[in-house]
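What follows is the content of run.tsv, which has TSV, C-alpha atoms:
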chain	number	residue	atom	x	y	z
A	1116	MET	CA	106.70	99.20	110.34
A	1117	LEU	CA	103.50	100.40	108.71
A	1118	THR	CA	100.87	97.78	107.86
A	1119	VAL	CA	98.06	98.87	105.57
A	1120	GLY	CA	94.34	98.17	105.63
A	1121	LEU	CA	92.31	98.13	102.43
A	1122	ASP	CA	88.76	97.80	103.76
A	1123	GLU	CA	86.86	97.25	107.00
A	1124	GLY	CA	88.20	93.72	107.55
A	1125	THR	CA	91.85	94.44	106.84
A	1126	ASN	CA	91.69	97.72	108.77
A	1127	ALA	CA	90.76	95.67	111.84
A	1128	GLU	CA	93.60	93.24	111.12
A	1129	ALA	CA	96.09	96.10	110.81
A	1130	LEU	CA	95.00	97.53	114.14
A	1131	ALA	CA	95.20	94.11	115.78
A	1132	LEU	CA	98.77	93.71	114.55
A	1133	ALA	CA	99.65	97.18	115.86
A	1134	ALA	CA	98.17	96.25	119.23
A	1135	GLU	CA	100.17	93.01	119.35
A	1136	HIS	CA	103.50	94.39	118.15
A	1137	PRO	CA	104.77	97.72	119.53
A	1138	GLU	CA	106.99	98.25	116.47
A	1139	VAL	CA	103.98	98.19	114.12
A	1140	ARG	CA	101.63	101.05	113.23
A	1141	ALA	CA	98.48	100.81	111.14
A	1142	CYS	CA	97.23	102.68	108.10
A	1143	VAL	CA	93.44	102.48	107.75
A	1144	GLY	CA	91.21	103.33	104.81
A	1145	ARG	CA	89.28	102.10	101.79
A	1146	HIS	CA	91.30	101.15	98.72
A	1147	PRO	CA	89.86	102.46	95.42
A	1148	ASN	CA	89.24	98.89	94.22
A	1149	SER	CA	87.13	98.34	97.35
A	1150	ALA	CA	85.28	101.66	97.15
A	1151	THR	CA	81.92	100.26	96.05
A	1152	GLY	CA	79.36	101.00	98.75
A	1153	PHE	CA	81.44	103.73	100.36
A	1154	ASP	CA	79.05	106.04	102.22
A	1155	ASP	CA	78.88	108.34	105.23
A	1156	ALA	CA	78.86	105.37	107.60
A	1157	ALA	CA	82.03	103.99	106.01
A	1158	ALA	CA	83.71	107.38	106.29
A	1159	ALA	CA	82.68	107.66	109.95
A	1160	ALA	CA	84.12	104.21	110.69
A	1161	ILE	CA	87.47	105.14	109.15
A	1162	ALA	CA	87.49	108.47	110.99
A	1163	GLU	CA	86.93	106.66	114.29
A	1164	LEU	CA	89.83	104.31	113.60
A	1165	ALA	CA	92.06	107.17	112.45
A	1166	ALA	CA	91.82	108.74	115.90
A	1167	ASP	CA	93.54	105.71	117.45
A	1168	GLU	CA	97.13	106.39	118.51
A	1169	ARG	CA	98.22	103.15	116.84
A	1170	VAL	CA	97.12	104.54	113.47
A	1171	ALA	CA	99.86	106.51	111.73
A	1172	ALA	CA	98.14	107.26	108.41
A	1173	VAL	CA	94.92	107.11	106.41
A	1174	GLY	CA	94.65	105.03	103.22
A	1175	GLU	CA	95.40	103.52	100.86
A	1176	THR	CA	93.04	105.71	98.93
A	1177	GLY	CA	93.15	107.21	95.47
A	1178	LEU	CA	92.15	106.21	91.95
A	1179	ASP	CA	92.72	102.98	90.01
A	1180	TYR	CA	91.70	103.02	86.36
A	1181	TYR	CA	93.67	99.86	85.57
A	1182	ARG	CA	91.42	97.44	87.44
A	1183	ASP	CA	88.36	99.70	87.75
A	1184	GLY	CA	87.33	97.65	90.77
A	1185	ALA	CA	84.72	100.28	91.61
A	1186	PRO	CA	82.98	102.96	89.54
A	1187	ARG	CA	85.27	105.93	89.07
A	1188	GLU	CA	82.86	108.41	90.64
A	1189	VAL	CA	82.66	106.18	93.74
A	1190	GLN	CA	86.45	105.93	93.90
A	1191	ARG	CA	86.66	109.70	93.77
A	1192	ARG	CA	84.05	110.14	96.51
A	1193	ALA	CA	85.93	107.77	98.79
A	1194	PHE	CA	89.23	109.45	97.92
A	1195	GLU	CA	88.00	112.94	98.74
A	1196	ALA	CA	86.38	111.79	101.97
A	1197	GLN	CA	89.59	110.12	103.16
A	1198	ILE	CA	91.63	113.22	102.49
A	1199	GLU	CA	89.29	115.06	104.85
A	1200	ILE	CA	89.55	112.28	107.42
A	1201	ALA	CA	93.34	112.58	107.29
A	1202	ARG	CA	93.06	116.34	107.69
A	1203	GLU	CA	90.83	116.03	110.74
A	1204	ALA	CA	93.04	113.36	112.29
A	1205	GLY	CA	96.21	115.34	111.59
A	1206	LYS	CA	97.77	112.33	109.87
A	1207	PRO	CA	99.19	111.72	106.39
A	1208	VAL	CA	97.13	110.23	103.58
A	1209	VAL	CA	98.61	107.31	101.62
A	1210	ILE	CA	97.81	107.43	97.91
A	1211	HIS	CA	97.29	104.54	95.50
A	1212	THR	CA	97.15	105.54	91.83
A	1213	ARG	CA	97.29	103.31	88.78
A	1214	GLU	CA	96.77	104.60	85.25
A	1215	ALA	CA	95.07	107.60	86.86
A	1216	LEU	CA	97.97	109.90	87.70
A	1217	ALA	CA	96.54	113.07	86.14
A	1218	ASP	CA	93.19	112.73	87.89
A	1219	THR	CA	94.86	111.72	91.16
A	1220	PHE	CA	97.10	114.77	91.12
A	1221	ALA	CA	94.10	116.97	90.24
A	1222	VAL	CA	92.18	115.75	93.31
A	1223	LEU	CA	95.21	116.27	95.53
A	1224	ARG	CA	95.71	119.79	94.18
A	1225	ASP	CA	92.08	120.65	94.87
A	1226	ARG	CA	91.61	118.88	98.18
A	1227	ALA	CA	94.86	118.12	99.98
A	1228	GLU	CA	96.28	121.54	100.76
A	1229	GLY	CA	97.69	121.31	104.29
A	1230	VAL	CA	97.52	117.49	104.39
A	1231	SER	CA	100.71	115.42	104.34
A	1232	VAL	CA	100.70	113.14	101.28
A	1233	ILE	CA	102.57	109.88	100.66
A	1234	LEU	CA	102.52	108.69	97.04
A	1235	HIS	CA	102.65	104.95	97.67
A	1236	CYS	CA	104.52	102.74	95.19
A	1237	PHE	CA	105.46	105.78	93.15
A	1238	SER	CA	105.53	104.96	89.45
A	1239	GLY	CA	105.03	108.31	87.76
A	1240	PRO	CA	107.30	109.79	85.09
A	1241	SER	CA	110.16	112.11	85.91
A	1242	GLU	CA	107.98	115.12	85.02
A	1243	SER	CA	105.60	114.30	87.87
A	1244	VAL	CA	108.40	114.43	90.45
A	1245	ALA	CA	108.70	118.20	90.03
A	1246	GLU	CA	105.09	118.84	91.05
A	1247	ALA	CA	105.30	116.32	93.90
A	1248	ALA	CA	108.42	118.06	95.17
A	1249	GLU	CA	106.89	121.52	94.82
A	1250	ARG	CA	103.85	120.44	96.84
A	1251	ARG	CA	106.00	118.56	99.39
A	1252	TRP	CA	104.42	115.19	98.67
A	1253	TYR	CA	106.50	112.20	99.73
A	1254	CYS	CA	107.41	109.62	97.06
A	1255	SER	CA	107.71	106.01	98.23
A	1256	PHE	CA	109.42	103.43	96.02
A	1257	ALA	CA	108.75	99.68	95.98
A	1258	GLY	CA	110.35	96.56	94.49
A	1259	ASN	CA	109.48	97.45	90.89
A	1260	LEU	CA	112.30	100.02	91.13
A	1261	THR	CA	114.71	97.09	90.85
A	1262	TYR	CA	113.28	95.55	87.66
A	1263	PRO	CA	115.62	95.54	84.64
A	1264	ARG	CA	113.25	97.52	82.42
A	1265	ALA	CA	112.45	100.17	85.07
A	1266	GLU	CA	115.00	102.73	83.89
A	1267	ALA	CA	112.41	105.53	83.72
A	1268	LEU	CA	111.32	104.82	87.27
A	1269	ARG	CA	114.92	104.85	88.49
A	1270	GLU	CA	115.40	108.21	86.80
A	1271	ALA	CA	112.34	109.54	88.64
A	1272	ALA	CA	113.72	108.17	91.93
A	1273	ARG	CA	116.98	109.97	91.33
A	1274	LEU	CA	115.16	113.31	91.16
A	1275	VAL	CA	113.15	113.16	94.40
A	1276	PRO	CA	114.49	115.56	97.06
A	1277	ASP	CA	116.20	113.77	99.95
A	1278	GLU	CA	113.67	114.90	102.52
A	1279	LEU	CA	110.69	113.52	100.54
A	1280	LEU	CA	112.05	110.04	99.84
A	1281	LEU	CA	110.60	106.78	101.24
A	1282	VAL	CA	111.03	103.06	100.51
A	1283	GLU	CA	108.46	100.29	100.98
A	1284	THR	CA	107.78	96.66	100.07
A	1285	ASP	CA	104.06	96.65	99.18
A	1286	SER	CA	104.08	93.11	100.60
A	1287	PRO	CA	103.04	90.58	99.46
A	1288	PHE	CA	103.28	92.20	96.02
A	1289	LEU	CA	106.13	93.61	93.89
A	1290	ALA	CA	108.94	91.44	95.20
A	1291	PRO	CA	112.27	93.03	94.16
A	1292	GLN	CA	114.36	91.47	91.43
A	1293	PRO	CA	116.52	89.10	93.54
A	1294	VAL	CA	113.36	87.40	94.90
A	1295	ARG	CA	110.98	88.19	92.05
A	1296	GLY	CA	108.23	85.65	91.54
A	1297	ARG	CA	107.92	84.89	95.26
A	1298	PRO	CA	105.54	86.47	97.78
A	1299	ASN	CA	107.11	89.68	99.03
A	1300	GLN	CA	107.90	90.36	102.68
A	1301	PRO	CA	109.05	93.40	104.68
A	1302	ALA	CA	112.67	92.24	104.94
A	1303	ASN	CA	113.00	92.55	101.17
A	1304	VAL	CA	112.91	96.32	101.47
A	1305	VAL	CA	116.71	96.03	101.73
A	1306	HIS	CA	116.97	95.04	98.05
A	1307	THR	CA	114.99	98.08	96.93
A	1308	ALA	CA	116.96	100.40	99.20
A	1309	GLU	CA	120.26	99.08	97.83
A	1310	VAL	CA	119.20	99.87	94.27
A	1311	LEU	CA	117.87	103.27	95.31
A	1312	ALA	CA	121.15	104.11	97.03
A	1313	SER	CA	123.06	103.17	93.88
A	1314	VAL	CA	120.74	105.26	91.70
A	1315	ARG	CA	121.27	108.28	93.93
A	1316	GLY	CA	125.02	107.77	94.28
A	1317	VAL	CA	125.11	107.34	98.06
A	1318	SER	CA	125.99	104.51	100.41
A	1319	TYR	CA	123.34	102.13	101.66
A	1320	GLU	CA	123.99	103.34	105.20
A	1321	GLU	CA	123.46	106.96	104.23
A	1322	LEU	CA	120.23	106.16	102.42
A	1323	ALA	CA	118.96	104.01	105.30
A	1324	GLY	CA	119.51	106.84	107.77
A	1325	LEU	CA	117.74	109.29	105.48
A	1326	ILE	CA	114.73	107.01	104.97
A	1327	GLU	CA	114.43	106.29	108.69
A	1328	ALA	CA	114.45	110.01	109.46
A	1329	ASN	CA	111.84	110.76	106.79
A	1330	ALA	CA	109.54	107.96	107.97
A	1331	GLU	CA	109.89	109.10	111.56
A	1332	ARG	CA	108.99	112.64	110.58
A	1333	ILE	CA	105.99	111.91	108.35
A	1334	LEU	CA	104.58	109.00	110.39
A	1335	ARG	CA	105.51	110.43	113.80
A	1336	TRP	CA	106.94	107.25	115.27

Would you give me this structure, written as structure tokens?
Amino acid sequence: MLTVGLDEGTNAEALALAAEHPEVRACVGRHPNSATGFDDAAAAAIAELAADERVAAVGETGLDYYRDGAPREVQRRAFEAQIEIAREAGKPVVIHTREALADTFAVLRDRAEGVSVILHCFSGPSESVAEAAERRWYCSFAGNLTYPRAEALREAARLVPDELLLVETDSPFLAPQPVRGRPNQPANVVHTAEVLASVRGVSYEELAGLIEANAERILRW
């Protein structure tokens, strides 16, 4: 299980959980909505954490133009710095993007060559899957895949190559349709995986094995 930090406080919590539970790994970084004040000291702190063997990835980082929780130039600075931290640590970078897909992809094109990329809570159009596949970026799908009006997202999920496919919960957010309106939890990943298996025309068991293998490969657990 991967548990994700969003800032200095939650990074520490993620590491503490990884220390307490051997089945848990941490992802550490600075979320774009928490990017205000990001400086060299913040980058150095994340880099130090990223060297820990309990840390499997760097992030979430990226761009969020929906909430604009931090100035866009600051978001970009933090984003670019965390790509370099991931490169130096030899670990994947986990990407958050909301209403900023074009700019997010532009930064990744320019900066992330040679870095493994996970597009967290993928919600891009079908056209974006082709570039993600060409660049070998992983696409991870969350509970919004199961929503009745998410036909375009399900079409995108159908197109992702097998070896680049992941599933997540984004707990406590984006609870899948059968439990929508309640706080999400990791166990609910089953609901999303069932829909994804149906979309791709495979059995749940086949999809589960594929996802486990992909997660093991990209996160090295």

ask   = How many Å separate atom CA of Ser1255 of chain A from atom CA of Glu1135 of chain A?
value =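 Taking atom CA of Ser1255 of chain A and atom CA of Glu1135 of chain A, their separation equals 25.9 Å.
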
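With all atoms listed in the file as the atoms that count, the residue of A:Leu1121, A:Asn1148, A:Ile1200, A:His1306 with the shortest distance to Glu1163 of chain A is A:Ile1200.
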
ask   = Residues at most 9 Å from segment 1217-1234 of chain A, counting all atoms listed in the file, excluding those fewer than 2 positions away in the same chain, as a ChimeraX atom specification?
value = /A:1177-1178,1191,1194-1195,1198-1199,1201-1202,1205-1212,1214-1215,1236-1238,1246-1247,1250-1256,1279,1281,1333

Residue contacts of Ala1290 of chain A (12 Å, only C-alpha atoms) excluding same-chain residues fewer than 3 positions away, as an mmCIF file with C-alpha atoms, in the frame of the given file:
data_model
loop_
_atom_site.group_PDB
_atom_site.id
_atom_site.type_symbol
_atom_site.label_atom_id
_atom_site.label_comp_id
_atom_site.auth_asym_id
_atom_site.auth_seq_id
_atom_site.Cartn_x
_atom_site.Cartn_y
_atom_site.Cartn_z
ATOM 1 C CA ALA A 1257 108.750 99.680 95.980
ATOM 2 C CA GLY A 1258 110.350 96.560 94.490
ATOM 3 C CA ASN A 1259 109.480 97.450 90.890
ATOM 4 C CA LEU A 1260 112.300 100.020 91.130
ATOM 5 C CA THR A 1261 114.710 97.090 90.850
ATOM 6 C CA TYR A 1262 113.280 95.550 87.660
ATOM 7 C CA GLU A 1283 108.460 100.290 100.980
ATOM 8 C CA THR A 1284 107.780 96.660 100.070
ATOM 9 C CA ASP A 1285 104.060 96.650 99.180
ATOM 10 C CA SER A 1286 104.080 93.110 100.600
ATOM 11 C CA PRO A 1287 103.040 90.580 99.460
ATOM 12 C CA PRO A 1293 116.520 89.100 93.540
ATOM 13 C CA VAL A 1294 113.360 87.400 94.900
ATOM 14 C CA ARG A 1295 110.980 88.190 92.050
ATOM 15 C CA GLY A 1296 108.230 85.650 91.540
ATOM 16 C CA ARG A 1297 107.920 84.890 95.260
ATOM 17 C CA PRO A 1298 105.540 86.470 97.780
ATOM 18 C CA ASN A 1299 107.110 89.680 99.030
ATOM 19 C CA GLN A 1300 107.900 90.360 102.680
ATOM 20 C CA PRO A 1301 109.050 93.400 104.680
ATOM 21 C CA ALA A 1302 112.670 92.240 104.940
ATOM 22 C CA ASN A 1303 113.000 92.550 101.170
ATOM 23 C CA VAL A 1304 112.910 96.320 101.470
ATOM 24 C CA VAL A 1305 116.710 96.030 101.730
ATOM 25 C CA HIS A 1306 116.970 95.040 98.050
ATOM 26 C CA THR A 1307 114.990 98.080 96.930
#

ask   = Can you tell me how far atom CA of Ala1308 of chain A sits from atom CA of Val1282 of chain A, in Å to one decimal?
value =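 Atom-to-atom, atom CA of Ala1308 of chain A to atom CA of Val1282 of chain A, that is 6.6 Å.
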
key: Nearest to Asp1167 of chain A by atom-to-atom distance, counting only C-alpha atoms, from A:Ile1326, A:Gly1184, A:Cys1142, A:Asp1155   =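 When distances to Asp1167 of chain A are compared using only C-alpha atoms, the smallest one comes from A:Cys1142.
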
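Taking atom CA of Arg1140 of chain A as the reference point, atom CA of Met1116 of chain A is found at 6.1 Å.
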
Residue list as a VMD selection string for point (89.9, 106.6, 113.8), cut-off 12 Å, all atoms listed in the file = chain A and resid 1123 1126 to 1127 1130 1141 to 1144 1157 to 1174 1197 1200 to 1206

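Using all atoms listed in the file, the smallest distance between any of A:Leu1325, A:Ala1312, A:Ala1150, A:Ala1267 and Ser1243 of chain A comes from A:Ala1267.
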
note = Among A:Arg1145, A:His1235, A:Arg1269, A:Arg1264, Ser1313 of chain A is approached most closely, using all atoms listed in the file, by A:Arg1269

Spatial neighbours of Arg1213 of chain A, 7 Å, only C-alpha atoms, chain gap at least 3 places, as a PyMOL selection string = chain A and resi 1178-1181+1216

Got a minute to add N, CA and C atoms to segment 1266-1277 of chain A and dump it as a PDB file, keeping the file's coordinate frame?
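Result file follows (selection-v9.pdb):
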ATOM      1  N   GLU A1266     114.062 101.615  83.944  1.00  0.00           N
ATOM      2  CA  GLU A1266     115.000 102.730  83.890  1.00  0.00           C
ATOM      3  C   GLU A1266     114.304 104.074  84.113  1.00  0.00           C
ATOM      4  N   ALA A1267     113.123 104.258  83.552  1.00  0.00           N
ATOM      5  CA  ALA A1267     112.410 105.530  83.720  1.00  0.00           C
ATOM      6  C   ALA A1267     112.043 105.760  85.180  1.00  0.00           C
ATOM      7  N   LEU A1268     111.653 104.681  85.859  1.00  0.00           N
ATOM      8  CA  LEU A1268     111.320 104.820  87.270  1.00  0.00           C
ATOM      9  C   LEU A1268     112.551 105.140  88.097  1.00  0.00           C
ATOM     10  N   ARG A1269     113.679 104.528  87.764  1.00  0.00           N
ATOM     11  CA  ARG A1269     114.920 104.850  88.490  1.00  0.00           C
ATOM     12  C   ARG A1269     115.342 106.292  88.254  1.00  0.00           C
ATOM     13  N   GLU A1270     115.099 106.809  87.063  1.00  0.00           N
ATOM     14  CA  GLU A1270     115.400 108.210  86.800  1.00  0.00           C
ATOM     15  C   GLU A1270     114.514 109.117  87.655  1.00  0.00           C
ATOM     16  N   ALA A1271     113.237 108.767  87.775  1.00  0.00           N
ATOM     17  CA  ALA A1271     112.340 109.540  88.640  1.00  0.00           C
ATOM     18  C   ALA A1271     112.834 109.493  90.085  1.00  0.00           C
ATOM     19  N   ALA A1272     113.247 108.318  90.543  1.00  0.00           N
ATOM     20  CA  ALA A1272     113.720 108.170  91.930  1.00  0.00           C
ATOM     21  C   ALA A1272     114.974 108.996  92.190  1.00  0.00           C
ATOM     22  N   ARG A1273     115.772 109.162  91.178  1.00  0.00           N
ATOM     23  CA  ARG A1273     116.980 109.970  91.330  1.00  0.00           C
ATOM     24  C   ARG A1273     116.668 111.430  91.589  1.00  0.00           C
ATOM     25  N   LEU A1274     115.501 111.895  91.118  1.00  0.00           N
ATOM     26  CA  LEU A1274     115.160 113.310  91.160  1.00  0.00           C
ATOM     27  C   LEU A1274     114.419 113.741  92.427  1.00  0.00           C
ATOM     28  N   VAL A1275     113.919 112.816  93.206  1.00  0.00           N
ATOM     29  CA  VAL A1275     113.150 113.160  94.400  1.00  0.00           C
ATOM     30  C   VAL A1275     114.059 113.815  95.432  1.00  0.00           C
ATOM     31  N   PRO A1276     113.669 114.950  96.006  1.00  0.00           N
ATOM     32  CA  PRO A1276     114.490 115.560  97.060  1.00  0.00           C
ATOM     33  C   PRO A1276     114.700 114.602  98.232  1.00  0.00           C
ATOM     34  N   ASP A1277     115.866 114.680  98.849  1.00  0.00           N
ATOM     35  CA  ASP A1277     116.200 113.770  99.950  1.00  0.00           C
ATOM     36  C   ASP A1277     115.101 113.693 101.000  1.00  0.00           C
TER      37      ASP A1277
END
